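> My file is run_0.cif. It has mmCIF, C-alpha atoms and all ligand atoms:
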```cif
data_work
loop_
_atom_site.label_atom_id
_atom_site.label_comp_id
_atom_site.auth_asym_id
_atom_site.auth_seq_id
_atom_site.Cartn_x
_atom_site.Cartn_y
_atom_site.Cartn_z
CA MET A 1 0.00 0.00 0.00
CA PRO A 2 1.41 3.43 -0.92
CA ALA A 3 2.48 5.67 1.97
CA ARG A 4 0.06 8.52 2.60
CA ILE A 5 1.82 11.88 2.66
CA VAL A 6 -0.06 15.08 3.42
CA VAL A 7 1.57 18.46 2.73
CA LEU A 8 -0.07 21.45 4.39
CA GLY A 9 0.45 24.60 2.33
CA GLY A 10 0.90 25.13 -1.38
CA GLY A 11 3.52 27.88 -1.19
CA VAL A 12 7.19 27.55 -2.14
CA GLY A 13 8.05 24.89 0.42
CA GLY A 14 4.88 22.78 0.15
CA THR A 15 4.70 22.73 -3.64
CA LEU A 16 8.34 21.88 -4.11
CA ALA A 17 8.32 19.21 -1.38
CA ALA A 18 5.22 17.55 -2.88
CA ASN A 19 6.74 17.52 -6.39
CA LEU A 20 10.07 16.15 -5.17
CA LEU A 21 8.33 13.46 -3.12
CA SER A 22 6.27 12.45 -6.12
CA LYS A 23 9.37 12.31 -8.35
CA GLU A 24 11.28 10.29 -5.77
CA LEU A 25 8.54 7.89 -4.67
CA GLY A 26 6.27 7.49 -7.69
CA ARG A 27 3.64 4.83 -6.94
CA ASP A 28 5.08 4.18 -3.49
CA ALA A 29 3.29 7.26 -2.17
CA ARG A 30 -0.08 9.01 -2.35
CA ILE A 31 0.61 12.70 -1.88
CA THR A 32 -2.00 15.34 -1.10
CA VAL A 33 -1.36 19.09 -0.88
CA VAL A 34 -3.87 21.00 1.23
CA ASP A 35 -4.23 24.75 0.66
CA PRO A 36 -7.28 26.95 1.26
CA THR A 37 -6.58 29.27 -1.66
CA GLY A 38 -5.65 26.76 -4.36
CA MET A 39 -3.27 29.47 -5.55
CA HIS A 40 0.49 29.82 -5.31
CA VAL A 41 1.80 33.33 -4.78
CA TYR A 42 5.27 34.67 -5.65
CA GLN A 43 5.61 37.12 -2.77
CA PRO A 44 8.91 38.81 -3.79
CA GLY A 45 6.83 40.43 -6.54
CA TYR A 46 4.93 42.56 -4.00
CA LEU A 47 7.82 45.05 -4.01
CA TYR A 48 7.39 45.65 -7.72
CA VAL A 49 3.60 45.94 -7.39
CA ALA A 50 3.96 48.61 -4.69
CA LEU A 51 6.31 50.63 -6.90
CA GLY A 52 4.08 50.31 -9.96
CA GLN A 53 6.54 48.08 -11.83
CA ALA A 54 4.35 44.94 -12.00
CA ASN A 55 0.73 43.98 -11.70
CA GLY A 56 -0.77 41.41 -9.36
CA ARG A 57 -1.63 38.93 -12.13
CA TRP A 58 2.02 38.04 -12.65
CA LEU A 59 2.33 36.96 -8.99
CA ALA A 60 -0.21 34.20 -8.65
CA ARG A 61 -0.78 30.88 -10.41
CA ASP A 62 -3.29 28.11 -9.98
CA GLU A 63 -1.57 25.61 -7.67
CA ARG A 64 -2.88 22.69 -9.76
CA THR A 65 -0.76 23.82 -12.73
CA LEU A 66 2.42 23.64 -10.62
CA LEU A 67 1.91 20.19 -9.15
CA ARG A 68 2.86 16.92 -10.82
CA ARG A 69 -0.14 15.07 -12.16
CA ASP A 70 -0.09 12.35 -9.51
CA VAL A 71 -0.13 14.84 -6.60
CA GLN A 72 -3.66 15.47 -5.28
CA LEU A 73 -4.75 19.00 -4.37
CA ALA A 74 -7.37 19.62 -1.68
CA VAL A 75 -8.54 23.24 -1.74
CA GLU A 76 -9.25 23.23 1.97
CA ARG A 77 -8.00 24.85 5.16
CA ALA A 78 -6.45 22.53 7.70
CA VAL A 79 -7.79 23.47 11.11
CA ARG A 80 -6.33 20.88 13.46
CA ILE A 81 -3.42 18.47 13.32
CA HIS A 82 -3.59 15.31 15.41
CA PRO A 83 -0.04 13.91 15.30
CA GLU A 84 -0.79 10.91 17.51
CA ALA A 85 -3.77 9.84 15.42
CA GLY A 86 -2.01 10.69 12.16
CA THR A 87 -4.85 12.89 10.89
CA VAL A 88 -5.54 16.44 9.81
CA GLN A 89 -8.94 17.95 10.30
CA LEU A 90 -10.27 20.11 7.46
CA GLU A 91 -12.40 23.23 7.84
CA ARG A 92 -15.30 21.99 5.73
CA GLY A 93 -15.43 18.74 7.65
CA GLY A 94 -13.63 15.47 7.23
CA ASN A 95 -10.19 14.25 8.12
CA LEU A 96 -7.18 13.33 6.04
CA GLU A 97 -5.13 10.40 7.26
CA TRP A 98 -1.38 10.46 6.83
CA ASP A 99 1.70 8.37 7.47
CA PHE A 100 3.93 11.42 6.97
CA LEU A 101 3.04 15.07 7.36
CA VAL A 102 4.88 18.10 5.98
CA ILE A 103 3.82 21.42 7.49
CA ALA A 104 4.57 24.31 5.13
CA THR A 105 1.86 26.75 6.15
CA GLY A 106 4.08 29.84 6.13
CA ALA A 107 3.61 32.90 8.29
CA ARG A 108 0.54 34.95 9.15
CA LEU A 109 0.45 38.76 9.22
CA VAL A 110 -1.17 40.16 12.35
CA PRO A 111 -1.36 43.94 11.79
CA ASP A 112 -3.98 44.39 14.52
CA GLN A 113 -1.35 43.58 17.14
CA ILE A 114 0.00 47.13 16.74
CA PRO A 115 -2.53 49.83 17.68
CA GLY A 116 -3.19 52.18 14.75
CA LEU A 117 -1.24 50.12 12.20
CA VAL A 118 -4.25 49.09 10.10
CA GLU A 119 -5.71 52.62 10.02
CA GLY A 120 -2.52 54.65 9.78
CA ALA A 121 0.12 52.69 7.91
CA TYR A 122 0.78 51.06 4.56
CA GLU A 123 2.58 47.81 3.85
CA PHE A 124 3.92 45.76 0.93
CA TYR A 125 3.75 42.29 2.53
CA SER A 126 0.42 41.29 0.97
CA LEU A 127 -0.98 41.80 -2.52
CA GLU A 128 -3.79 44.07 -1.26
CA GLY A 129 -1.28 46.01 0.85
CA ALA A 130 1.11 46.47 -2.07
CA GLN A 131 -1.73 47.65 -4.36
CA ARG A 132 -2.98 50.12 -1.75
CA LEU A 133 0.54 51.45 -1.23
CA ARG A 134 1.01 51.82 -4.99
CA GLU A 135 -2.07 54.09 -5.13
CA GLU A 136 -0.87 56.13 -2.16
CA LEU A 137 2.58 56.54 -3.69
CA ARG A 138 0.98 57.77 -6.91
CA ARG A 139 -0.79 60.48 -4.90
CA PHE A 140 2.36 61.32 -2.89
CA ARG A 141 3.81 64.74 -3.75
CA GLY A 142 6.59 64.91 -1.14
CA GLY A 143 7.04 64.70 2.62
CA ARG A 144 8.50 62.43 5.29
CA ILE A 145 8.39 58.70 4.55
CA HIS A 146 9.26 56.12 7.19
CA ILE A 147 9.78 52.44 6.45
CA GLY A 148 9.92 50.10 9.43
CA VAL A 149 9.16 46.69 10.83
CA SER A 150 7.06 45.85 13.83
CA GLY A 151 9.08 43.03 15.27
CA ILE A 152 11.37 40.14 14.43
CA PRO A 153 11.11 37.65 12.80
CA TYR A 154 9.60 38.81 9.54
CA LYS A 155 9.82 37.32 6.04
CA CYS A 156 12.79 38.13 3.86
CA PRO A 157 14.90 40.24 6.23
CA PRO A 158 16.46 42.31 3.40
CA ALA A 159 13.06 43.28 1.90
CA PRO A 160 12.45 46.50 3.90
CA VAL A 161 15.98 47.79 3.07
CA GLU A 162 15.55 46.72 -0.53
CA PHE A 163 12.21 48.51 -0.70
CA THR A 164 13.72 51.65 0.86
CA LEU A 165 16.50 51.80 -1.74
CA MET A 166 14.08 51.13 -4.60
CA LEU A 167 11.66 53.74 -3.24
CA GLU A 168 14.40 56.37 -3.13
CA GLU A 169 15.07 55.71 -6.81
CA TYR A 170 11.32 55.85 -7.56
CA LEU A 171 11.06 59.29 -5.92
CA ARG A 172 14.00 60.53 -8.02
CA GLU A 173 12.39 59.24 -11.19
CA ARG A 174 9.15 61.01 -10.26
CA GLY A 175 11.09 64.25 -9.68
CA ILE A 176 9.97 64.56 -6.03
CA ARG A 177 13.09 63.30 -4.27
CA ASP A 178 14.20 66.79 -3.17
CA ARG A 179 10.82 67.32 -1.51
CA SER A 180 10.96 63.98 0.34
CA GLN A 181 12.81 62.57 3.33
CA VAL A 182 13.22 58.80 3.45
CA THR A 183 14.08 57.10 6.74
CA LEU A 184 14.43 53.43 7.61
CA LEU A 185 13.40 52.51 11.16
CA SER A 186 15.27 49.43 12.37
CA PRO A 187 14.67 47.48 15.59
CA LEU A 188 18.39 46.65 15.69
CA ASN A 189 21.64 48.61 15.90
CA ARG A 190 21.99 48.36 12.11
CA ALA A 191 19.84 48.38 8.97
CA PHE A 192 18.68 44.76 9.30
CA THR A 193 19.43 41.38 10.83
CA ILE A 194 22.34 40.33 8.58
CA GLU A 195 25.39 42.22 9.81
CA SER A 196 27.68 41.94 6.78
CA ALA A 197 24.90 43.00 4.42
CA SER A 198 23.98 45.92 6.71
CA LYS A 199 27.60 47.07 6.53
CA LEU A 200 27.36 47.00 2.77
CA VAL A 201 24.05 48.84 2.42
CA GLN A 202 24.42 51.48 5.12
CA PRO A 203 27.05 53.55 3.22
CA ILE A 204 24.85 53.31 0.12
CA MET A 205 21.90 54.61 2.12
CA GLU A 206 24.03 57.44 3.49
CA GLU A 207 25.32 58.35 0.03
CA ARG A 208 21.73 58.59 -1.20
CA GLY A 209 20.55 60.67 1.73
CA ILE A 210 18.41 57.95 3.32
CA GLY A 211 18.13 58.25 7.09
CA LEU A 212 18.52 55.31 9.46
CA THR A 213 16.99 55.29 12.94
CA THR A 214 18.19 52.31 14.97
CA PHE A 215 16.67 50.61 18.03
CA PHE A 216 13.19 51.54 16.85
CA ASN A 217 10.62 48.80 17.49
CA VAL A 218 7.25 50.09 16.33
CA GLU A 219 4.82 49.98 19.26
CA GLU A 220 1.96 52.22 18.24
CA ILE A 221 0.74 54.48 15.47
CA ASP A 222 -1.41 57.53 15.90
CA PRO A 223 -3.10 57.87 12.49
CA SER A 224 -4.57 61.33 13.07
CA ALA A 225 -1.40 62.89 14.51
CA ARG A 226 0.69 60.83 12.05
CA VAL A 227 3.09 59.77 14.77
CA ILE A 228 4.90 56.46 15.19
CA THR A 229 5.94 55.56 18.73
CA SER A 230 8.61 53.00 19.44
CA LEU A 231 8.86 50.53 22.32
CA GLU A 232 12.02 52.45 23.24
CA GLY A 233 9.86 55.58 23.79
CA GLU A 234 10.90 57.54 20.68
CA LYS A 235 8.31 59.35 18.55
CA VAL A 236 8.59 60.31 14.88
CA GLU A 237 6.21 62.37 12.79
CA SER A 238 5.57 60.98 9.36
CA ASP A 239 3.57 61.78 6.24
CA LEU A 240 3.73 58.23 4.91
CA MET A 241 4.25 55.26 7.22
CA ILE A 242 5.18 51.97 5.56
CA ILE A 243 5.39 49.35 8.26
CA VAL A 244 5.82 45.59 7.89
CA PRO A 245 3.13 44.03 10.12
CA PRO A 246 4.06 41.58 12.92
CA HIS A 247 4.32 37.93 11.85
CA ARG A 248 3.05 34.81 13.63
CA GLY A 249 2.66 31.13 12.82
CA GLN A 250 -0.68 29.91 11.44
CA THR A 251 -3.62 29.23 13.74
CA VAL A 252 -3.72 25.56 12.68
CA VAL A 253 -0.33 25.20 14.37
CA THR A 254 -1.26 26.98 17.60
CA ASP A 255 -4.73 25.42 17.77
CA SER A 256 -3.08 22.00 17.53
CA GLY A 257 -0.78 22.82 20.45
CA LEU A 258 2.29 22.38 18.25
CA GLY A 259 3.75 25.87 18.08
CA ASP A 260 5.78 28.04 20.43
CA VAL A 261 4.25 31.25 21.87
CA SER A 262 4.35 32.92 18.46
CA GLY A 263 3.07 29.88 16.61
CA TRP A 264 6.42 28.80 15.08
CA LEU A 265 7.02 25.05 14.97
CA PRO A 266 9.88 23.77 17.13
CA THR A 267 11.92 22.11 14.39
CA ASP A 268 15.17 20.18 14.41
CA LYS A 269 17.61 22.41 12.54
CA LEU A 270 19.22 19.53 10.58
CA SER A 271 16.53 16.88 10.07
CA LEU A 272 13.60 19.37 9.88
CA GLN A 273 11.48 17.01 11.97
CA VAL A 274 9.03 18.71 14.28
CA GLU A 275 10.42 18.06 17.73
CA GLY A 276 8.91 14.96 19.31
CA TYR A 277 7.46 13.56 16.06
CA GLU A 278 9.44 11.29 13.76
CA ARG A 279 6.91 11.51 10.93
CA VAL A 280 6.09 15.20 11.02
CA PHE A 281 8.34 17.68 9.19
CA ALA A 282 8.26 21.46 8.90
CA ILE A 283 9.72 23.72 6.24
CA GLY A 284 9.74 27.36 5.25
CA ASP A 285 8.41 30.25 7.29
CA ALA A 286 6.43 27.94 9.61
CA THR A 287 9.52 26.78 11.54
CA ASN A 288 11.29 28.34 14.51
CA LEU A 289 14.72 27.87 12.92
CA PRO A 290 17.38 30.51 13.53
CA ILE A 291 17.60 31.37 9.85
CA SER A 292 15.92 33.84 7.47
CA LYS A 293 12.27 33.26 6.71
CA SER A 294 12.65 33.24 2.95
CA GLY A 295 11.56 31.39 -0.14
CA SER A 296 15.09 30.20 -0.70
CA THR A 297 15.17 28.68 2.79
CA ALA A 298 12.04 26.68 1.95
CA HIS A 299 13.56 25.84 -1.42
CA PHE A 300 16.70 24.33 0.12
CA GLU A 301 14.77 22.58 2.88
CA ALA A 302 12.27 20.78 0.63
CA PRO A 303 14.78 18.28 -0.85
CA VAL A 304 15.99 17.38 2.65
CA VAL A 305 12.46 16.56 3.78
CA ALA A 306 11.72 14.64 0.56
CA ASN A 307 14.91 12.62 0.96
CA ARG A 308 14.24 11.86 4.64
CA ILE A 309 10.66 10.77 4.07
CA ALA A 310 11.72 8.57 1.14
CA SER A 311 14.39 6.94 3.34
CA LEU A 312 11.90 6.30 6.15
CA ILE A 313 9.47 4.71 3.69
CA ARG A 314 12.19 2.51 2.21
CA GLY A 315 13.61 1.58 5.59
CA THR A 316 17.04 3.06 4.86
CA ALA A 317 18.92 5.44 7.13
CA PRO A 318 18.03 9.07 6.30
CA LYS A 319 21.17 10.94 5.31
CA ALA A 320 20.12 14.42 4.17
CA ASN A 321 20.56 17.29 6.59
CA TYR A 322 19.73 20.96 6.13
CA PRO A 323 22.89 23.06 6.59
CA GLY A 324 20.94 26.31 6.98
CA GLN A 325 21.46 27.26 3.36
CA VAL A 326 19.89 30.53 2.12
CA MET A 327 20.44 32.49 -1.07
CA CYS A 328 18.76 35.74 -2.00
CA PHE A 329 19.33 38.88 -3.99
CA LEU A 330 19.07 42.37 -2.60
CA GLU A 331 18.23 45.16 -5.03
CA THR A 332 20.16 48.31 -4.18
CA GLY A 333 18.51 50.53 -6.82
CA ASN A 334 20.09 52.23 -9.86
CA GLY A 335 19.98 48.92 -11.73
CA LYS A 336 22.25 47.13 -9.27
CA ALA A 337 21.88 44.38 -6.68
CA THR A 338 23.97 42.17 -4.45
CA ALA A 339 23.61 38.50 -3.47
CA LEU A 340 23.45 36.97 -0.01
CA ARG A 341 24.52 33.33 0.33
CA PHE A 342 24.95 31.84 3.76
CA ASP A 343 24.23 28.94 6.09
CA TYR A 344 24.26 28.17 9.82
CA GLU A 345 28.05 28.26 9.94
CA HIS A 346 28.96 30.87 7.36
CA PRO A 347 27.59 34.41 7.38
CA PRO A 348 27.18 36.01 3.96
CA VAL A 349 30.00 37.90 2.29
CA PRO A 350 27.94 39.95 -0.15
CA PRO A 351 29.67 41.16 -3.32
CA HIS A 352 29.67 44.89 -4.07
CA PRO A 353 26.38 45.82 -5.78
CA ALA A 354 26.65 45.26 -9.51
CA ARG A 355 24.42 45.09 -12.56
CA ILE A 356 25.00 41.35 -12.96
CA TRP A 357 23.14 40.58 -9.70
CA HIS A 358 20.28 42.84 -10.70
CA LEU A 359 20.04 40.96 -14.00
CA ALA A 360 20.24 37.63 -12.15
CA LYS A 361 17.32 38.67 -9.93
CA TRP A 362 15.37 39.89 -12.96
CA MET A 363 15.97 36.55 -14.68
CA PHE A 364 15.06 34.61 -11.52
CA ASN A 365 11.78 36.56 -11.22
CA ARG A 366 10.92 35.65 -14.79
CA LEU A 367 11.89 32.00 -14.57
CA TYR A 368 10.40 31.36 -11.12
CA TRP A 369 7.22 29.66 -12.31
CA GLU A 370 9.03 27.17 -14.51
CA THR A 371 11.80 26.40 -12.03
CA VAL A 372 11.48 26.62 -8.24
CA PRO A 373 8.01 25.17 -7.48
CA LYS A 374 8.58 22.41 -10.04
CA GLY A 375 12.00 21.54 -8.68
CA ARG A 376 13.93 22.63 -11.77
CA ILE A 377 16.91 24.87 -11.15
CA PRO A 378 18.35 26.26 -14.35
CA GLU A 379 21.91 25.26 -15.15
CA TRP A 380 22.84 28.93 -15.64
CA ALA A 381 22.17 29.57 -11.97
CA PRO A 382 25.25 28.19 -10.22
CA MET A 383 24.88 30.86 -7.54
CA VAL A 384 21.52 29.40 -6.59
CA ARG A 385 22.83 25.84 -6.67
CA SER A 386 26.11 26.60 -4.96
CA LYS A 387 26.57 25.47 -1.38
CA ARG A 388 28.89 28.55 -1.13
C1 LIG B 401 7.72 41.58 0.11
C2 LIG B 401 8.38 40.23 0.19
C3 LIG B 401 9.55 40.03 -0.51
C4 LIG B 401 10.19 38.79 -0.45
N1 LIG B 401 11.36 38.59 -1.15
C5 LIG B 401 11.96 37.40 -1.10
C6 LIG B 401 13.15 37.17 -1.87
O1 LIG B 401 13.63 38.03 -2.59
N2 LIG B 401 13.73 35.93 -1.75
C7 LIG B 401 13.22 34.95 -0.96
O2 LIG B 401 13.81 33.87 -0.91
N3 LIG B 401 12.10 35.15 -0.23
C8 LIG B 401 11.46 36.34 -0.29
N4 LIG B 401 10.30 36.54 0.43
C9 LIG B 401 9.85 35.53 1.40
C10 LIG B 401 9.12 34.36 0.76
O3 LIG B 401 8.08 34.78 -0.08
C11 LIG B 401 8.58 33.47 1.87
O4 LIG B 401 9.56 33.27 2.83
C12 LIG B 401 8.16 32.12 1.27
O5 LIG B 401 7.01 32.30 0.47
C13 LIG B 401 7.92 31.09 2.36
O6 LIG B 401 7.49 29.89 1.78
P1 LIG B 401 6.52 28.90 2.59
O7 LIG B 401 6.28 27.77 1.68
O8 LIG B 401 7.07 28.66 3.92
O9 LIG B 401 5.21 29.77 2.82
P2 LIG B 401 4.24 30.45 1.77
O10 LIG B 401 4.89 30.58 0.43
O11 LIG B 401 3.76 31.70 2.43
O12 LIG B 401 3.05 29.41 1.62
C14 LIG B 401 2.26 29.05 2.71
C15 LIG B 401 1.00 28.41 2.16
O13 LIG B 401 0.30 27.80 3.24
C16 LIG B 401 -1.08 28.00 3.02
N5 LIG B 401 -1.78 27.87 4.31
C17 LIG B 401 -1.86 28.76 5.31
N6 LIG B 401 -2.61 28.28 6.30
C18 LIG B 401 -3.00 27.05 5.93
C19 LIG B 401 -3.83 26.05 6.54
N7 LIG B 401 -4.40 26.24 7.74
N8 LIG B 401 -4.03 24.89 5.87
C20 LIG B 401 -3.47 24.68 4.65
N9 LIG B 401 -2.69 25.60 4.03
C21 LIG B 401 -2.46 26.77 4.67
C22 LIG B 401 -1.17 29.38 2.40
O14 LIG B 401 -2.39 29.54 1.68
C23 LIG B 401 0.06 29.40 1.50
O15 LIG B 401 -0.25 28.98 0.18
C24 LIG B 401 9.62 37.76 0.35
C25 LIG B 401 8.41 37.97 1.02
C26 LIG B 401 7.79 39.18 0.94
C27 LIG B 401 6.49 39.39 1.66
#
```
Using structure tokens, write down the structure that the file contains.
Ligand SMILES: Cc1cc2nc3c(=O)[nH]c(=O)nc-3n(C[C@H](O)[C@H](O)[C@H](O)COP(=O)(O)OP(=O)(O)OC[C@H]3O[C@@H](n4cnc5c(N)ncnc54)[C@H](O)[C@@H]3O)c2cc1C

Amino acid sequence: MPARIVVLGGGVGGTLAANLLSKELGRDARITVVDPTGMHVYQPGYLYVALGQANGRWLARDERTLLRRDVQLAVERAVRIHPEAGTVQLERGGNLEWDFLVIATGARLVPDQIPGLVEGAYEFYSLEGAQRLREELRRFRGGRIHIGVSGIPYKCPPAPVEFTLMLEEYLRERGIRDRSQVTLLSPLNRAFTIESASKLVQPIMEERGIGLTTFFNVEEIDPSARVITSLEGEKVESDLMIIVPPHRGQTVVTDSGLGDVSGWLPTDKLSLQVEGYERVFAIGDATNLPISKSGSTAHFEAPVVANRIASLIRGTAPKANYPGQVMCFLETGNGKATALRFDYEHPPVPPHPARIWHLAKWMFNRLYWETVPKGRIPEWAPMVRSKR
């Protein structure tokens, strides 16, 4: 009898894991992906939507078109996981039974955790948010813009810096840069979590007249006074507040008693097994791993999980471990970008921003749908394949 494998979430991690499992196991497994939207979203595109450089249609595809034919898709929300019984309860009723479970449910935005955020601020971490921000930026004629985050962890740590640098360029192109002040608010003592990359981007920000306010954890927003208050007690007045909402794990994880206080799954950093459960794995943003929440993390984790599950099914010793590998590009504006490649042991040593990395990101954006979710990495992309 084929092994029953259920994959929760049809994002980067879930789709790739399901396809790799199907390739590896063929008829030895019956694989079902569960996702309430039935759509797969390419979230890095939100940046371009917010800046009017792309439309939303480019960012989403029907999940069915990305899955191998023998992978089942259930357009359903999982509401409760019962690891001991080996079942997942679905919102519209019914249970799915599994021998192996992969949890790839990503992160949840919880803007209402910060008073005034929903009413007073804009964001580019959801499609609706990016579209709303795009309209506001079109109306913007100059003033003080603040870009910040409301807590760590958040997806794609470089994204707020990247957005800030791209926004500065956008304001120049619109001819309103001299009437605008752009400031990045960071909860840390530097631009963002990755130290070596912060060292690289901070001089660029300074050169381009972008302010940096450190140790600023957004606590509250007063929409009518247009003031952002930090946990540290600082207040800034702003004409346009662009704040990344707080992130949490999905409710299916917390409601099942599997997550930590923020809903992240306690996950073994090498085997990617959910702690305490040999047959339950977690990948992508859903984990509590000490590594960037990024698509590339999920991308490098999926083969490890596929390999481990295949070994368990075949009764061989699982060999694959996840070394903490991450690879992403960071646009620095003016047609240039840099690349961040790192793992648990090796922090990134980003190259100086250059056009080649911008072109590589552009190419990656275009080829995403035919490569990553389907488990095909183009041969021209040694920097994506490279283990450093
Ligand atoms: C603005 C922005 C820019 C980014 N830029 C980059 C970048 O340049 N490079 C990079 O590597 N990463 C980037 N990321 C991060 C990247 O998009 C995420 O880290 C990645 O999508 C995580 O993959 P995942 O599979 O864990 O989760 P997701 O891709 O978020 O997928 C989770 C899936 O789970 C489903 N789901 C949720 N709840 C349930 C449930 N109860 N039952 C069943 N299914 C459920 C959702 O519908 C969703 O389809 C960016 C993100 C943003 C917001």
> When distances are computed from all atoms listed in the file, which of A:Ala29, A:Leu258, A:Ala337, A:Ala121 shows the smallest separation from Ala282 of chain A?
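Result for the nearest residue to Ala282 of chain A: A:Leu258.
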> Residues up to 7 Å from ligand LIG 401 (chain B), counting only C-alpha atoms and all ligand atoms: could you list those as a VMD selection string?
chain A and resid 8 to 14 34 to 37 39 to 47 76 to 79 104 to 107 124 to 126 155 to 156 159 250 to 252 283 to 286 293 to 298 327 to 330
> For the point (5.2, 9.5, 11.5) in file coordinates, what residues are within 9 Å, counting only C-alpha atoms? Give the answer as an MDAnalysis selection string?
chainID A and resid 83:84 86 98:101 277:280
> Taking all atoms listed in the file into account, which of A:Arg68, A:Thr183, A:Glu370, A:Pro351 comes nearest Leu167 of chain A?
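Among A:Arg68, A:Thr183, A:Glu370, A:Pro351, it is A:Thr183 that comes nearest to Leu167 of chain A.
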> Segment 83-162 of chain A near segment 212-218 of chain A within 12 Å: what's each residue's closest atom pair and its distance in Å to one decimal, counting only C-alpha atoms, ordered by chain then ascending residue number, as CSV?

```
residue,atom,partner,partner_atom,distance
A:Pro111,CA,A:Val218,CA,11.5
A:Gln113,CA,A:Val218,CA,10.8
A:Ile114,CA,A:Val218,CA,7.8
A:Pro115,CA,A:Val218,CA,9.9
A:Gly116,CA,A:Val218,CA,10.8
A:Leu117,CA,A:Val218,CA,9.4
A:Ala121,CA,A:Val218,CA,11.3
A:Ile145,CA,A:Leu212,CA,11.8
A:His146,CA,A:Leu212,CA,9.6
A:Ile147,CA,A:Leu212,CA,9.7
A:Gly148,CA,A:Val218,CA,7.4
A:Val149,CA,A:Val218,CA,6.7
A:Ser150,CA,A:Val218,CA,4.9
A:Gly151,CA,A:Asn217,CA,6.4
A:Ile152,CA,A:Asn217,CA,9.2
A:Val161,CA,A:Leu212,CA,10.2
```
> So how many Å separate atom CA of Glu24 of chain A and atom CA of Ala306 of chain A, to one decimal?
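Distance between the two atoms: 7.7 Å.
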> Can you measure atom CA of Gln131 of chain A to atom CA of Pro246 of chain A for me? One decimal in Å is fine.
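Rounded to one decimal, the two atoms are 19.2 Å apart.
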> Restricting the calculation to all atoms listed in the file, which member of A:Ile194, A:Met241, A:Ile309, A:Ile204 is positioned closest to Ser22 of chain A?
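Under the stated criterion, the closest residue is A:Ile309.
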> Go ahead and find all residues with at least one atom no further than 12 Å from (9.6, 37.6, -11.2) in the file's coordinates, using only C-alpha atoms; report them as number ranges by chain.
A: 41-49, 53-60, 358-372
> Mind dumping the selected residues with C-alpha atoms as a tab-separated table (two decimals), in the frame of the given file?

```tsv
chain	number	residue	atom	x	y	z
A	41	VAL	CA	1.80	33.33	-4.78
A	42	TYR	CA	5.27	34.67	-5.65
A	43	GLN	CA	5.61	37.12	-2.77
A	44	PRO	CA	8.91	38.81	-3.79
A	45	GLY	CA	6.83	40.43	-6.54
A	46	TYR	CA	4.93	42.56	-4.00
A	47	LEU	CA	7.82	45.05	-4.01
A	48	TYR	CA	7.39	45.65	-7.72
A	49	VAL	CA	3.60	45.94	-7.39
A	53	GLN	CA	6.54	48.08	-11.83
A	54	ALA	CA	4.35	44.94	-12.00
A	55	ASN	CA	0.73	43.98	-11.70
A	56	GLY	CA	-0.77	41.41	-9.36
A	57	ARG	CA	-1.63	38.93	-12.13
A	58	TRP	CA	2.02	38.04	-12.65
A	59	LEU	CA	2.33	36.96	-8.99
A	60	ALA	CA	-0.21	34.20	-8.65
A	358	HIS	CA	20.28	42.84	-10.70
A	359	LEU	CA	20.04	40.96	-14.00
A	360	ALA	CA	20.24	37.63	-12.15
A	361	LYS	CA	17.32	38.67	-9.93
A	362	TRP	CA	15.37	39.89	-12.96
A	363	MET	CA	15.97	36.55	-14.68
A	364	PHE	CA	15.06	34.61	-11.52
A	365	ASN	CA	11.78	36.56	-11.22
A	366	ARG	CA	10.92	35.65	-14.79
A	367	LEU	CA	11.89	32.00	-14.57
A	368	TYR	CA	10.40	31.36	-11.12
A	369	TRP	CA	7.22	29.66	-12.31
A	370	GLU	CA	9.03	27.17	-14.51
A	371	THR	CA	11.80	26.40	-12.03
A	372	VAL	CA	11.48	26.62	-8.24
```
> My structure is short of atoms at segment 54-61 of chain A; please model N, CA and C atoms there, returning them as a compact mmCIF listing (two decimals), in the coordinates of the input.

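The resulting file, part-v5.txt, is shown below:
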```
# COMPACT_ATOMS: atom_id res chain seq x y z
N ALA A 54 4.93 46.24 -11.62
CA ALA A 54 4.35 44.94 -12.00
C ALA A 54 2.90 44.94 -11.56
N ASN A 55 2.11 44.10 -12.18
CA ASN A 55 0.73 43.98 -11.70
C ASN A 55 0.54 42.65 -10.97
N GLY A 56 -0.54 42.57 -10.22
CA GLY A 56 -0.77 41.41 -9.36
C GLY A 56 -0.92 40.10 -10.11
N ARG A 57 -1.36 40.17 -11.39
CA ARG A 57 -1.63 38.93 -12.13
C ARG A 57 -0.39 38.06 -12.29
N TRP A 58 0.75 38.73 -12.44
CA TRP A 58 2.02 38.04 -12.65
C TRP A 58 2.40 37.18 -11.41
N LEU A 59 1.86 37.54 -10.25
CA LEU A 59 2.33 36.96 -8.99
C LEU A 59 1.63 35.70 -8.54
N ALA A 60 0.54 35.34 -9.18
CA ALA A 60 -0.21 34.20 -8.65
C ALA A 60 -0.54 33.21 -9.77
N ARG A 61 -0.44 31.93 -9.44
CA ARG A 61 -0.78 30.88 -10.41
C ARG A 61 -1.66 29.84 -9.70
```
